[in-house]
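Undergrad: Below you'll find structure.cif; it's mmCIF, C-alpha atoms.
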data_target
loop_
_atom_site.label_atom_id
_atom_site.label_comp_id
_atom_site.auth_asym_id
_atom_site.auth_seq_id
_atom_site.Cartn_x
_atom_site.Cartn_y
_atom_site.Cartn_z
CA MET A 1 96.84 108.48 58.75
CA GLY A 2 95.67 104.87 58.41
CA LYS A 3 99.25 103.53 58.26
CA THR A 4 100.18 105.44 61.40
CA LEU A 5 97.25 103.99 63.34
CA PHE A 6 98.12 100.52 62.04
CA TRP A 7 101.74 100.76 63.25
CA ILE A 8 100.64 102.16 66.62
CA ALA A 9 98.27 99.20 67.01
CA VAL A 10 101.06 96.77 66.04
CA PHE A 11 103.43 98.43 68.52
CA PHE A 12 100.95 98.13 71.39
CA GLY A 13 100.10 94.57 70.36
CA VAL A 14 103.78 93.60 70.56
CA LEU A 15 104.06 95.27 73.98
CA LEU A 16 100.99 93.40 75.22
CA VAL A 17 102.28 90.03 74.01
CA SER A 18 105.77 90.59 75.43
CA ARG A 19 104.33 91.60 78.80
CA PHE A 20 102.11 88.53 78.87
CA LEU A 21 105.04 86.23 78.03
CA SER A 22 107.33 87.79 80.65
CA HIS A 23 104.59 87.45 83.27
CA GLN A 24 104.17 83.77 82.43
CA ALA A 25 107.94 83.21 82.66
CA ALA A 26 108.08 84.95 86.06
CA LYS A 27 105.25 82.76 87.38
CA LYS A 28 107.08 79.64 86.19
CA ARG A 29 110.34 80.77 87.86
CA PHE A 30 108.46 81.44 91.10
CA ARG A 31 106.80 78.00 91.05
CA ASP A 32 110.14 76.30 90.34
CA GLU A 33 111.80 78.20 93.19
CA GLN A 34 109.02 77.23 95.59
CA GLU A 35 109.40 73.57 94.67
CA ARG A 36 113.16 73.64 95.34
CA GLN A 37 112.79 75.14 98.82
CA PRO A 38 111.80 72.85 101.69
CA GLN A 39 108.30 73.44 103.00
CA GLN A 40 108.17 75.19 106.35
CA SER A 41 105.27 74.37 108.63
CA ASN A 42 105.17 77.86 110.23
CA PRO A 43 107.23 80.49 108.38
CA LEU A 44 106.07 83.36 110.62
CA PRO A 45 107.74 83.86 113.99
CA HIS A 46 105.63 83.28 117.07
CA SER A 47 103.97 86.47 118.23
CA GLU A 48 104.14 87.46 121.86
CA ALA A 49 102.00 89.57 124.16
CA MET A 50 103.20 93.12 124.78
CA VAL A 51 103.14 94.78 128.20
CA ARG A 52 103.68 98.37 129.30
CA CYS A 53 106.34 99.58 131.73
CA ALA A 54 104.66 101.15 134.77
CA HIS A 55 107.25 103.95 134.84
CA CYS A 56 107.96 105.02 131.25
CA ASN A 57 104.89 103.51 129.49
CA VAL A 58 107.07 101.82 126.85
CA PHE A 59 105.65 98.61 125.41
CA LEU A 60 107.93 95.58 125.38
CA PRO A 61 107.53 91.81 124.94
CA ARG A 62 106.32 90.03 128.04
CA SER A 63 109.41 87.79 128.05
CA ASP A 64 111.71 90.87 128.33
CA ALA A 65 109.70 92.59 131.09
CA LEU A 66 110.27 92.32 134.82
CA LEU A 67 107.25 91.46 136.95
CA ILE A 68 107.63 92.90 140.45
CA GLN A 69 104.69 93.38 142.83
CA ASP A 70 102.10 92.86 140.09
CA GLU A 71 103.62 95.63 137.95
CA THR A 72 105.62 95.25 134.75
CA TRP A 73 108.88 97.13 134.30
CA CYS A 74 111.34 97.50 131.44
CA SER A 75 114.40 97.57 133.75
CA GLU A 76 115.54 97.27 137.37
CA ALA A 77 116.11 101.04 137.51
CA HIS A 78 112.50 101.81 136.62
CA ALA A 79 111.28 99.22 139.12
CA GLN A 80 113.27 101.06 141.83
CA LEU A 81 111.87 104.43 140.77
CA GLY A 82 108.30 103.15 140.95
CA PRO A 83 105.30 104.16 138.88
CA ARG A 84 105.35 107.61 137.35
CA GLN A 85 102.88 110.01 138.90
CA PRO A 86 100.37 111.64 136.52
CA ARG A 87 100.91 115.35 135.95
#
Can you give me the file's structure in the form of structure tokens?

TA:
Amino acid sequence: MGKTLFWIAVFFGVLLVSRFLSHQAAKKRFRDEQERQPQQSNPLPHSEAMVRCAHCNVFLPRSDALLIQDETWCSEAHAQLGPRQPR
């Protein structure tokens, strides 16, 4: 029984050491890759305000919306139809 426990402990010890070494190698690869890439000042795209179409209530970026008579619309067709009436 003692030999079995010893070999189980050795097995888990080897697994622990190999996992630690592979983690260290992955961190080194990541650091090396980051050094090779040029630094970007703002990697995230610029976010934009969202507005709702007065007819279909779909949200879309403000730059894609039409502003007609103080209402926002997703298309010319919905602007012609006008605001949807509540049920």

Undergrad: Please compute the CA of Glu76 in chain A-CA of Phe59 in chain A distance, one decimal, in Å.

TA: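 Taking CA of Glu76 in chain A and CA of Phe59 in chain A, their separation equals 15.6 Å.
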
Undergrad: Which distance in Å separates CA of Met50 in chain A and CA of Leu67 in chain A, to one decimal?

TA: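 Rounded to one decimal, the two atoms are 12.9 Å apart.
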
Undergrad: Grab the CA of Glu33 in chain A to CA of Leu21 in chain A distance for me, in Å with one decimal place.

TA: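 We find that CA of Glu33 in chain A and CA of Leu21 in chain A lie 18.4 Å from each other.
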
Undergrad: As a PyMOL selection string, please: the residues near Pro83 in chain A (cut-off 9 Å, only C-alpha atoms, same-chain neighbours under 4 positions excluded).

TA: chain A and resi 53-56+71+78-79

Undergrad: Give me the residues near Asp64 in chain A as a list in words, where near means some atom within 10 Å (using all atoms listed in the file) and where sequence neighbours in that chain fewer than 4 positions away do not count.

TA: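 The neighbour list is Met50, Val51, Leu60, Thr72, Trp73, Cys74 and Ser75 of chain A.
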
Undergrad: Just want the 9 Å neighbourhood of Ala49 in chain A, counted on only C-alpha atoms, with same-chain residues fewer than 4 positions away dropped. Output as a PDB file with C-alpha atoms, in the frame of the given file.

TA:
ATOM      1  CA  LEU A  60     107.930  95.580 125.380  1.00  0.00           C
ATOM      2  CA  PRO A  61     107.530  91.810 124.940  1.00  0.00           C
ATOM      3  CA  ARG A  62     106.320  90.030 128.040  1.00  0.00           C
ATOM      4  CA  SER A  63     109.410  87.790 128.050  1.00  0.00           C
TER       5      SER A  63
END

Undergrad: Could you write out as JSON the box around range 43-60 of chain A (axis-aligned, all atoms listed in the file, 8 Å on each side), with centre and edge lengths in Å to one decimal?

TA:
{"center_x": 105.0, "center_y": 92.8, "center_z": 121.6, "size_x": 22.0, "size_y": 40.5, "size_z": 42.5}
